[in-house]
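The structure under discussion appears below in the form of structure tokens.
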Amino acid sequence: MFSKELNPQQLEAVKQTEGPVLVVAGAGSGKTRAITYRIVYLIREKQVPPESILAITFTNKAAKEMLDRVYEKLGSCETYPWISTFHSFCLKLLRKHIHELGYSNDFVIYDAQDQLSLVKKCMKTANVNEEAFPPRAILTHISGFKNDYLFASDIRLDNYSYGHQLKAAEVYPVYQQALRDNNGLDFDDLLMLTVHLLRNHSSIKDYYNRRYQYVLVDEFQDTNVTQYNLVRILTESHRNVCVVGDDDQSIYRWRGANLENILHFEKDFPGTRVIKLEQNYRSTQNILKAAGAVVRENIARKEKTLWTENDAGHQIIYYRAEDEMDEARAVCERIQEWMNEDGHSFNDMAVLYRTNAQSRVVEDQLRQMELPYQVVGGLKFYERKEVKDILAYMRVVLNPADSVSLRRIVNVPVRGIGKSSLEKVEAYCDRHGLSLLEGLRKADPEKIVSTRSGKKIAEFVALLDHLQSIYEERAPEEFLNEILSRTGYMDKLEKENSVESRSRLENLNELYTAVQQFSESNPENSLREFLDTTALVSDLDDLDDSRGVLPLMTLHTCKGLEFEGVCMIGVENGLLPHASSMSSTEEFEEERRLCYVGITRAKSRLMITNARRRRIYGNTYNYQPSDFLTSIPGEVLQKEMAFSSYESQSSSSYGTQPELSLPEPASRSSFKDGEYCVGTKVLHPKFGSGVVVNREGSEGDWKVVVFFKKAGKKKLAVNHANLIVV
């Protein structure tokens, strides 16, 4: 059965039904097909009742796709296997049994906003300062504890000497008690309490071991410790567990995914049958050769070699651009060229990048060329919250009558101007025919609001007046810089120090670059024209184009997808691998896996690009080509460069090992040689490594502006900053 539809390894994965099985499924190797046929084989050939089969995956979309395929193969049945996500399975189980843990079965599930509100209250109870330790960062660390199956009672404060993790450990028991008092669970509790329930109530554990005689887990490389514990306890009696995954595609360490789960599966499940799916049905030989060469450099992996019966295919284009604008232009033109040659639509292509901020330049180029695009898994650059917030500040300064923008920013970042106070001011404005800003100016003198709120409103109005004076006297980028610093917006994100906040910081740095580039290329136009261009970004959103829409997405978002043609941009040290990974072997290897995932999304066409120089927050830096590129065999690459690059670098130099270092400024200022001159590399005890990009004052009393990899641009007094010159 199925011998004509499956290759020998897939067939083995289908028929090896008893005992623990680890299916190591390489990219594009048909794992979903193997999983589907395995379920059908159990039901049809092994006569296993469908309700005795449990299949778990990570997303509702993946669960639905798997279920649809099983329906298609089985046809009409009285019962079907249970195919769901981890969270859905745990929710259903807890609804029946959570009373055993002292909760009511009608417990509520707290969403992200509910959790944030609750943790803020708990931080006050625990005397943890919100300004110093942002609530979102505290929540992230509490989630990390739960992913590692650590209860509040398991946490020892002396294991955490300082910082956000220590404060999260202090807040954790207060937060958990508050959830319990409210008969509430957060998303992590669904998993954690299920494991706790099964471990401590043997009758319930035995019931589910008997009910689910065959357990299958997809995307096993993405499981955390708690999910792994759940799989082990559900299969304790029969050990009929089949896990499917690819250690080379484990790219969610920052979400709690534990690579050790798949690497150590055989140790934890003695007698495991390991089956490798290595035949790739997606990509050409050249693309697979490049991908395999890149990921093979990792130490923490199971050895496997993808191969294909497909043709060698086109060479991979490696383009070394002059700058990010040249890179975006080359990518957009190449995609059009591929479409014309191969007859594909925009939907068949994709542009991939490491950070969300990189989409901005590509978006600008696509709009200039009037080509339709969609940012997948995120908002278009000018629609992102942090970008819209700062643009709203600009709009209010340029147009004080803009009440819509003013409402958006009046309490962003939080400054103590509550909803009720704002409603009182708006009611006053309606009665007297005033704009919202005029009403805010009168709020304190007219005692429209409480004294405390009136003071906060007066401070906000003074801030807008200050920004107005800066706008009239300074260049647009200086005006933007003043908004970012005076409002406290950047400072708030830096203190939060989470994956999300760092992404937002990168977007704000990119906004600065966008304003600066606009000023340089449009010296006769004002900041108002720039704001007009951002408002028109959505004009192409509803375009009904028969050629489809070009997807833009991060490398994290693209996993599980495939395209005829792929362009990976910014493949350089500092972006891929990301600067934050340089000091950790585990994180550096995950960056390599991320590169592998990007390469293996391509079926027939692949373009890899980087830039000789890239502008970040107003300063231009030289980035070296990514270390990962040196692993790719030269015979699969077609090397190209921007024309002017040939003057300083020959194409043969691409085969050399790039130097791994911090980004160097492309040009240095005219300061005399000496300590803390522009270009000096420094270390700061809080912000980490950075590069001096400006210096003022005199010897003995230097003030320096430093661009830090993680924290962005900071102005520091050398005598007080404890900088170390490296």
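FYI, nothing fancy with the structure tokens labels: chains A, B, ... in order, residues from 1 per chain, ligands from 1 as they appear.
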Using DSSP on the backbone, list every residue of range 478-649 of chain A that comes out as helix (DSSP H, G or I), and give them as a count of residues only.
-> 84
Determine, counting only C-alpha atoms, which protein, DNA and RNA residues have an atom within 8 Å of an atom of range 59-65 of chain A; residues of the same chain fewer than 2 positions away are not included. Present the result as a VMD selection string.
-> chain A and resid 56 to 57 67 to 69 83 to 85
Convert the current residue selection to file output with all heavy atoms, as a short mmCIF file (atom, residue, chain, number, x, y, z; two decimals), in the first residue's frame.
data_model
loop_
_atom_site.label_atom_id
_atom_site.label_comp_id
_atom_site.auth_asym_id
_atom_site.auth_seq_id
_atom_site.Cartn_x
_atom_site.Cartn_y
_atom_site.Cartn_z
N ILE A 56 -0.45 16.27 16.93
CA ILE A 56 -0.28 17.62 17.48
C ILE A 56 0.69 18.40 16.61
O ILE A 56 1.75 17.91 16.22
CB ILE A 56 0.25 17.58 18.92
CG1 ILE A 56 -0.64 16.71 19.81
CG2 ILE A 56 0.33 18.98 19.50
CD1 ILE A 56 -0.14 16.57 21.24
N THR A 57 0.33 19.64 16.33
CA THR A 57 1.23 20.54 15.61
C THR A 57 1.16 21.92 16.27
O THR A 57 0.58 22.08 17.34
CB THR A 57 0.88 20.60 14.11
OG1 THR A 57 1.88 21.34 13.42
CG2 THR A 57 -0.50 21.22 13.90
N LEU A 67 -5.65 17.88 8.78
CA LEU A 67 -6.98 17.28 8.91
C LEU A 67 -7.67 17.17 7.54
O LEU A 67 -8.27 16.14 7.22
CB LEU A 67 -7.84 18.10 9.86
CG LEU A 67 -9.12 17.45 10.40
CD1 LEU A 67 -8.81 16.14 11.11
CD2 LEU A 67 -9.84 18.41 11.33
N ASP A 68 -7.53 18.22 6.72
CA ASP A 68 -8.14 18.20 5.38
C ASP A 68 -7.57 17.07 4.53
O ASP A 68 -8.30 16.40 3.79
CB ASP A 68 -7.93 19.55 4.69
CG ASP A 68 -8.78 20.66 5.28
OD1 ASP A 68 -9.73 20.34 6.02
OD2 ASP A 68 -8.48 21.85 5.03
N ARG A 69 -6.26 16.87 4.65
CA ARG A 69 -5.63 15.81 3.86
C ARG A 69 -6.09 14.43 4.32
O ARG A 69 -6.28 13.52 3.51
CB ARG A 69 -4.11 15.92 3.96
CG ARG A 69 -3.54 17.16 3.27
CD ARG A 69 -2.05 17.01 3.06
NE ARG A 69 -1.44 18.19 2.47
CZ ARG A 69 -0.24 18.21 1.90
NH1 ARG A 69 0.47 17.11 1.84
NH2 ARG A 69 0.25 19.33 1.41
N ILE A 83 -6.74 15.92 15.65
CA ILE A 83 -5.61 16.68 15.13
C ILE A 83 -5.76 18.12 15.60
O ILE A 83 -6.75 18.78 15.26
CB ILE A 83 -5.55 16.62 13.59
CG1 ILE A 83 -5.43 15.16 13.12
CG2 ILE A 83 -4.37 17.44 13.07
CD1 ILE A 83 -5.48 14.99 11.61
N SER A 84 -4.83 18.60 16.40
CA SER A 84 -4.98 19.94 16.95
C SER A 84 -3.62 20.53 17.32
O SER A 84 -2.58 19.86 17.23
CB SER A 84 -5.87 19.91 18.19
OG SER A 84 -5.18 19.39 19.31
N THR A 85 -3.63 21.77 17.79
CA THR A 85 -2.42 22.39 18.32
C THR A 85 -2.22 21.95 19.76
O THR A 85 -3.13 21.41 20.41
CB THR A 85 -2.54 23.93 18.29
OG1 THR A 85 -3.59 24.32 19.18
CG2 THR A 85 -2.82 24.43 16.89
#
Would you mind telling me which residue in A:Ser345, A:Thr557, A:Thr620, A:Gln315 lies nearest to Val375 in chain A when using only C-alpha atoms?
->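 Checking each of A:Ser345, A:Thr557, A:Thr620, A:Gln315 against Val375 in chain A, counting only C-alpha atoms, the winner is A:Thr557.
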Secondary structure check, strand (DSSP E) residues of range 6-252 of chain A, as an MDAnalysis selection string | chainID A and resid 21:25 53:57 82:85 108:109 184:185 214:217 241:245
Name the residues in contact with Ile317 in chain A at a cut-off of 7 Å, using only C-alpha atoms, excluding same-chain residues fewer than 6 positions from it; report them as a VMD selection string.
-> chain A and resid 606 to 608 637 to 639
With distances taken over only C-alpha atoms, which of A:Phe346, A:Tyr281, A:Phe187, A:Tyr319 is nearest to Ile109 in chain A?
->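 Counting only C-alpha atoms, the residue closest to Ile109 in chain A is A:Phe187.
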So, counting only C-alpha atoms, which residue among A:Glu473, A:Asp188, A:Asp181, A:Glu589 is closest to Tyr149 in chain A?
->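 Of the candidates, the smallest distance to Tyr149 in chain A is held by A:Asp188.
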Between A:Val597, A:Leu166, A:Glu18, A:Glu324, which is the closest to Asn622 in chain A once you count only C-alpha atoms?
-> A:Glu324
Within 12 Å of Gly416 in chain A using only C-alpha atoms, minus same-chain residues under 6 positions, as a VMD selection string | chain A and resid 410 422 450 to 460
What does the distance between CA of Arg253 in chain A and CA of Tyr228 in chain A come to in Å, to one decimal place?
->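 We find that CA of Arg253 in chain A and CA of Tyr228 in chain A lie 14.5 Å from each other.
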